[in-house]
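S.K.: Quick one: structure below, then a few questions.
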Amino acid sequence: MKIRILSLFLIGLGFSSFAQENLTYKKPSSEIMALADYERAPSVSMDSKKEYMLLSYRNTYKTLDDLNQEEMRLGGLRINPVTNISSTVTYVNNLKLRKISDKNETQVSGLPSNAKISNVAWSQNEKKIAFTNTTNSGVELWIIDVASAAAKKITSDNLNANLGSPFSWMKDNETLLVKVLPKNRPALIDEKKDLPKGPTVSVSDGSKSQNRTYQDLLKNKSDEANFDALVTSELYKITTSGTASLFKSADIYAGESFSPDGNYLMLTTIQKPYSYIVPLSRFPQKSVVYDLTGKEVKQVNEVPLTEIMPKGFSSVRKGKRSMSWRADKPATLVYVEALDEGDQAKKVDYRDEVFQWNAPFNSAPTSMMKTQQRFGGITWGNDSFAIAYDSWYDTRNTKTYLLNPSNPNEVPKVISDRNSQDIYSDPGNFETKKNEFGRYVIATENGNAYLIGDGHTKEGQFPFIDEMNLKTLKTKRLYTSKIKDKKEDLMSIEDFKKGDVLVMIQSKNDYPNYYFRNIKSGKLTPITAFQNPFESIKNVYKEVIKYKRKDGVDLSGTLYLPANYDRTKKEKLPLLIWAYPAEFKDKNSAGQNDKNPNEFTFPNYGSFVYWVTKGYAVLDDASFPIIGEGTTEPNDTFITQLVDDAEAAINAVDNLGYINRKKVAVGGHSYGAFMTANLLTHSNLFACGIARSGAYNRTLTPFGFQSEQRNYWDVPAIYNGMSPFMNADKMKTPLLLVHGEADNNPGTFTLQTERYFQALKNLGAPTRMVILPKESHGYAAKENILHLLWEQDQFLEKYLKN
């Protein structure tokens, strides 16, 4: 397999001198290989009683062969038409079980050979685990008996997983509702062989339809026919012994949801007409509730095609939305309707109204509450209390309410009213537990609820547990984590009376592991013992540094120095800065620090941390806030703030005496790549830059990007000024451009990098472009990742270190 470093030329401008190479895959230096070629620790899931844990093992990377499979891109999906599962799925290849009270793991017996496991789900009583295995020709269903740690296959490989998990557990814990390929499924149309019946025609009727730039959309009637064939399923009831019976005939089942008592099933199906400008999530849908015999009880919702949305991030579609079962009731649906017709520009007293509707839906739905801002969800408690949330994008305000679901006339009490970006004021999340229906509801003890918070403060991070009295709403601090030189994440409260809490503890050298912490006695009981796979960097110097932008905004970043670096002699090192810009509406929130120096140092393929082993200083996750206070939008001064952020970062490390400020490189992925190109264009701070999978021409994302709500025609100067492509004639700094050949992210089409390179090449900028075969927005294949590290290493050695 070879990777071609492409070079294109602008039509009409002629050819210019440039190098074009055909390379076989390369591997990085031994120092970087030692970090990159590591063995991944298993993922862990536990039952709600914390009696068993399931350990899931997978390879560190995919291979290029894994990516080189048949693929169809339809309606926003990427599907393998042979196996009928997403072509982007990452498979698990082994499973082990362990009693938490024991130290030894048990290999699950009977697993398929060459297993490709996905869609792992515990039964409601947590005595069984279901999963799918993908063969060369399809998807099959398997069951694990937890007590015996034995697996068995219960279906052939005829499941349809093209719309996600193809099964749902039923209440009896012995039956699953399964999506199966229809017996009379039509053959797929091969556009290479099937002649078109006519042209593709799109028509605008004059209505505004402002949509983001989506990828993988339907394009013609052949696509529609293939989409129908691939996502249509029959629904079967299949027992754990393998007995199957047809439940519902063929349809496009986009959602299957059982009521908490297990007596009703809400099925959501996709309807026609389809769209060529939005993905399937905005196709027409219909939701119908059935009983367990398959008899229709009530059609509860019908959603039309949603191609036209009111402008803005806080806008929503008209009609019923967010329909789901109330977790603390046997069979009650809850949904929301916009009182402003979904338009955030409308001036109204209330934005949304929340309704509940009791099965069998013979009576009208009843109002539960109205929200002044956009509804953000409910965490259920019981008949007398629940916690509701609303928020508003423009102000970043979010409110938390205590409400009485049984009395809509009782005014909800505001528990918190805060800026959602103000992490120092975050009160935490309510602890939940499973109820008699197997659904998670707010955990209470003697009239108190419990909040678990991340605990970010000016002084550092100190996770906490608060007890809240539901009558007085007063809180009492039960525990604050203050372990020296370690980071403790509070996962869940296991025993309220005893004070047992599941925690995860890590340090910069200690891989994250699970423990039981007794917050009364302080006793710590280990559960897992995963080892550090990155021994070669365990002694590197790591520090969170804090500094200020010239306008006074507080900034921070995580600084890494080589293990043998003498911080007293202060040899001048080249510096690598890795960052990603973030928009804020106030300086206070923008200046808050969420970095913890005790977080485990995990050098994933995307980071610059690898190069600390080769004599570089690295400032990772450097703060790059873009602030727009009041009526000012962040992007109004994007370039100025971006350059000020970069200058402050370089000054901070230079003031420590560690770097040669003439040898500084910057890099980023996606919006970070966009940042990198702009910094090289509009400043002289950097010797070179690395930009991966970015968008460089904002006129190709004309109806908004990131948090920008205005369209191109509202503010053309902003779009043009922020576009590196429009300013390519100003860019003369060496730049490494990297992109996945099959990028699936909205806005970052591979064409963005190809056209930007084309412009830079013709204008004489020193630029190198690398297109990674078969890769999407994030990179997965080992061959590509190792070659990427080699490319970056060669580039930095040439343009920065030497």
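Each chain of the structure tokens is named A, B, ... in the order shown, its residues numbered from 1; ligands are numbered from 1 in display order.
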For A:Asp172, find every residue with an atom within 12 Å (counting only C-alpha atoms), except residues of its own chain fewer than 6 positions away, and show them as a list in words.
M.R.: Ser123, Gln124, Asn125, Glu126, Lys127, Lys128, Lys237, Ile238, Thr239, Thr240, Phe258, Pro260, Asp261, Gly262, Asn263, Leu292, Phe437 and Gly438 of chain A
S.K.: Write out, as a PDB file, in the first residue's frame, the residues just selected, with N, CA and C atoms.
M.R.:
ATOM      1  N   SER A 123     -28.670  -7.262  30.534  1.00  0.00           N
ATOM      2  CA  SER A 123     -30.117  -7.407  30.723  1.00  0.00           C
ATOM      3  C   SER A 123     -30.528  -6.579  31.939  1.00  0.00           C
ATOM      4  N   GLN A 124     -31.842  -6.346  32.109  1.00  0.00           N
ATOM      5  CA  GLN A 124     -32.284  -5.495  33.210  1.00  0.00           C
ATOM      6  C   GLN A 124     -31.967  -6.087  34.574  1.00  0.00           C
ATOM      7  N   ASN A 125     -32.026  -7.420  34.699  1.00  0.00           N
ATOM      8  CA  ASN A 125     -31.678  -8.024  35.981  1.00  0.00           C
ATOM      9  C   ASN A 125     -30.179  -8.285  36.107  1.00  0.00           C
ATOM     10  N   GLU A 126     -29.432  -7.936  35.064  1.00  0.00           N
ATOM     11  CA  GLU A 126     -27.974  -7.978  35.038  1.00  0.00           C
ATOM     12  C   GLU A 126     -27.408  -9.383  35.237  1.00  0.00           C
ATOM     13  N   LYS A 127     -28.200 -10.390  34.854  1.00  0.00           N
ATOM     14  CA  LYS A 127     -27.725 -11.772  34.918  1.00  0.00           C
ATOM     15  C   LYS A 127     -27.235 -12.255  33.562  1.00  0.00           C
ATOM     16  N   LYS A 128     -27.521 -11.495  32.525  1.00  0.00           N
ATOM     17  CA  LYS A 128     -27.079 -11.858  31.174  1.00  0.00           C
ATOM     18  C   LYS A 128     -26.534 -10.617  30.474  1.00  0.00           C
ATOM     19  N   LYS A 237     -39.246 -11.122  17.972  1.00  0.00           N
ATOM     20  CA  LYS A 237     -38.980 -11.463  19.361  1.00  0.00           C
ATOM     21  C   LYS A 237     -38.143 -12.740  19.362  1.00  0.00           C
ATOM     22  N   ILE A 238     -36.971 -12.688  19.997  1.00  0.00           N
ATOM     23  CA  ILE A 238     -36.080 -13.838  20.027  1.00  0.00           C
ATOM     24  C   ILE A 238     -35.700 -14.120  21.483  1.00  0.00           C
ATOM     25  N   THR A 239     -35.912 -15.339  21.921  1.00  0.00           N
ATOM     26  CA  THR A 239     -35.584 -15.712  23.294  1.00  0.00           C
ATOM     27  C   THR A 239     -34.102 -16.038  23.414  1.00  0.00           C
ATOM     28  N   THR A 240     -33.618 -16.087  24.649  1.00  0.00           N
ATOM     29  CA  THR A 240     -32.209 -16.396  24.874  1.00  0.00           C
ATOM     30  C   THR A 240     -31.861 -17.828  24.484  1.00  0.00           C
ATOM     31  N   PHE A 258     -39.108   0.593  25.165  1.00  0.00           N
ATOM     32  CA  PHE A 258     -40.095  -0.023  26.034  1.00  0.00           C
ATOM     33  C   PHE A 258     -40.440   0.907  27.195  1.00  0.00           C
ATOM     34  N   PRO A 260     -41.225   1.739  31.101  1.00  0.00           N
ATOM     35  CA  PRO A 260     -40.549   1.171  32.275  1.00  0.00           C
ATOM     36  C   PRO A 260     -41.182  -0.107  32.805  1.00  0.00           C
ATOM     37  N   ASP A 261     -42.520  -0.220  32.739  1.00  0.00           N
ATOM     38  CA  ASP A 261     -43.141  -1.461  33.226  1.00  0.00           C
ATOM     39  C   ASP A 261     -43.069  -2.589  32.211  1.00  0.00           C
ATOM     40  N   GLY A 262     -42.565  -2.300  31.011  1.00  0.00           N
ATOM     41  CA  GLY A 262     -42.380  -3.320  29.999  1.00  0.00           C
ATOM     42  C   GLY A 262     -43.628  -3.710  29.233  1.00  0.00           C
ATOM     43  N   ASN A 263     -44.758  -3.023  29.461  1.00  0.00           N
ATOM     44  CA  ASN A 263     -46.027  -3.415  28.846  1.00  0.00           C
ATOM     45  C   ASN A 263     -46.320  -2.697  27.534  1.00  0.00           C
ATOM     46  N   LEU A 292     -47.659  -5.533  23.895  1.00  0.00           N
ATOM     47  CA  LEU A 292     -46.663  -6.581  23.653  1.00  0.00           C
ATOM     48  C   LEU A 292     -47.118  -7.647  22.663  1.00  0.00           C
ATOM     49  N   PHE A 437     -38.257  -0.383  38.179  1.00  0.00           N
ATOM     50  CA  PHE A 437     -38.411  -0.608  36.742  1.00  0.00           C
ATOM     51  C   PHE A 437     -37.072  -0.813  36.033  1.00  0.00           C
ATOM     52  N   GLY A 438     -35.995  -0.751  36.790  1.00  0.00           N
ATOM     53  CA  GLY A 438     -34.681  -0.871  36.178  1.00  0.00           C
ATOM     54  C   GLY A 438     -34.227   0.398  35.494  1.00  0.00           C
TER      55      GLY A 438
END
S.K.: A:Leu333: which residues within 6 Å, counting only C-alpha atoms, same-chain residues fewer than 3 positions away excluded, as a PyMOL selection string?
M.R.: chain A and resi 324-326+356-357
S.K.: Within 10 Å of A:Thr525, counting only C-alpha atoms, which residues show up once you throw out same-chain ones fewer than 6 positions away? Write them as a list of chain:residue names, please.
M.R.: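 The filter keeps A:Leu502, A:Val503, A:Tyr514, A:Tyr515, A:Phe516, A:Arg517, A:Asn518.
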S.K.: Just checking: using only C-alpha atoms, which residue out of A:Ile493, A:Lys219, A:Ser45, A:Lys458 ends up closest to A:Val201?
M.R.: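 Counting only C-alpha atoms, the residue closest to A:Val201 is A:Lys219.
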S.K.: Tell me which protein, DNA and RNA residues are within 8 Å of A:Ala149, counting only C-alpha atoms, leaving out same-chain ones fewer than 2 positions away, and put them as a list in words.
M.R.: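 The contact residues come out as Lys96, Leu97, Thr106, Gln107, Val108, Ser109, Ile144, Asp145, Val146, Ala147 and Ala151 of chain A.
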S.K.: Would you mind listing what lies within 6 Å of stretch 758-769 of chain A as a ChimeraX atom specification, with only C-alpha atoms counted and same-chain residues fewer than 3 positions away left out?
M.R.: /A:8-9,728,732,734-738,755
S.K.: Please identify all polymer residues within 9 Å of A:Tyr605, counting only C-alpha atoms, omitting same-chain residues fewer than 6 positions from it, and present them as a list in words.
M.R.: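 Close residues of A:Tyr605: Ala36, Tyr779, Ile785, Leu786, Leu788 and Leu789 of chain A.
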S.K.: Write to file, as a PDB file, in the first residue's frame, the residues of the selection just made, with C-alpha atoms.
M.R.:
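Saved result, part-v1.pdb, follows:
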ATOM      1  CA  ALA A  36       2.908   4.813  19.828  1.00  0.00           C
ATOM      2  CA  TYR A 779      -7.532   8.685  12.188  1.00  0.00           C
ATOM      3  CA  ILE A 785      -1.061   6.846  12.361  1.00  0.00           C
ATOM      4  CA  LEU A 786       2.560   5.721  12.396  1.00  0.00           C
ATOM      5  CA  LEU A 788       1.481  10.594  10.376  1.00  0.00           C
ATOM      6  CA  LEU A 789       3.900  10.595  13.324  1.00  0.00           C
TER       7      LEU A 789
END
S.K.: From the DSSP assignment of the backbone, select every residue of stretch 51-244 of chain A that is alpha helix (DSSP H), and format the answer as a ChimeraX atom specification.
M.R.: /A:64-67,221-231
S.K.: For N, CA and C atoms, I'd like the residues from the last selection saved as an mmCIF file, in the first residue's frame.
M.R.:
data_model
loop_
_atom_site.group_PDB
_atom_site.id
_atom_site.type_symbol
_atom_site.label_atom_id
_atom_site.label_comp_id
_atom_site.auth_asym_id
_atom_site.auth_seq_id
_atom_site.Cartn_x
_atom_site.Cartn_y
_atom_site.Cartn_z
ATOM 1 N N LEU A 64 -5.259 -0.780 8.131
ATOM 2 C CA LEU A 64 -5.746 -0.215 6.875
ATOM 3 C C LEU A 64 -6.722 -1.177 6.212
ATOM 4 N N ASP A 65 -6.496 -2.480 6.404
ATOM 5 C CA ASP A 65 -7.420 -3.468 5.861
ATOM 6 C C ASP A 65 -8.797 -3.348 6.512
ATOM 7 N N ASP A 66 -8.832 -2.999 7.799
ATOM 8 C CA ASP A 66 -10.118 -2.770 8.475
ATOM 9 C C ASP A 66 -10.888 -1.634 7.812
ATOM 10 N N LEU A 67 -10.170 -0.615 7.393
ATOM 11 C CA LEU A 67 -10.823 0.533 6.761
ATOM 12 C C LEU A 67 -11.160 0.272 5.299
ATOM 13 N N LYS A 221 -32.318 9.213 -6.918
ATOM 14 C CA LYS A 221 -33.294 8.153 -6.668
ATOM 15 C C LYS A 221 -32.635 6.804 -6.391
ATOM 16 N N SER A 222 -31.490 6.564 -7.006
ATOM 17 C CA SER A 222 -30.785 5.317 -6.733
ATOM 18 C C SER A 222 -30.331 5.269 -5.278
ATOM 19 N N ASP A 223 -29.847 6.398 -4.784
ATOM 20 C CA ASP A 223 -29.466 6.477 -3.372
ATOM 21 C C ASP A 223 -30.677 6.217 -2.476
ATOM 22 N N GLU A 224 -31.815 6.790 -2.840
ATOM 23 C CA GLU A 224 -33.025 6.577 -2.041
ATOM 24 C C GLU A 224 -33.393 5.096 -1.995
ATOM 25 N N ALA A 225 -33.328 4.437 -3.142
ATOM 26 C CA ALA A 225 -33.678 3.020 -3.195
ATOM 27 C C ALA A 225 -32.710 2.188 -2.363
ATOM 28 N N ASN A 226 -31.420 2.509 -2.445
ATOM 29 C CA ASN A 226 -30.430 1.775 -1.647
ATOM 30 C C ASN A 226 -30.593 2.057 -0.163
ATOM 31 N N PHE A 227 -30.905 3.302 0.162
ATOM 32 C CA PHE A 227 -31.155 3.661 1.563
ATOM 33 C C PHE A 227 -32.319 2.835 2.109
ATOM 34 N N ASP A 228 -33.407 2.784 1.357
ATOM 35 C CA ASP A 228 -34.566 1.972 1.767
ATOM 36 C C ASP A 228 -34.162 0.521 2.023
ATOM 37 N N ALA A 229 -33.414 -0.041 1.090
ATOM 38 C CA ALA A 229 -33.052 -1.455 1.193
ATOM 39 C C ALA A 229 -32.168 -1.726 2.401
ATOM 40 N N LEU A 230 -31.257 -0.806 2.670
ATOM 41 C CA LEU A 230 -30.275 -1.050 3.720
ATOM 42 C C LEU A 230 -30.809 -0.828 5.128
ATOM 43 N N VAL A 231 -31.768 0.075 5.301
ATOM 44 C CA VAL A 231 -32.213 0.392 6.675
ATOM 45 C C VAL A 231 -33.553 -0.240 7.029
#
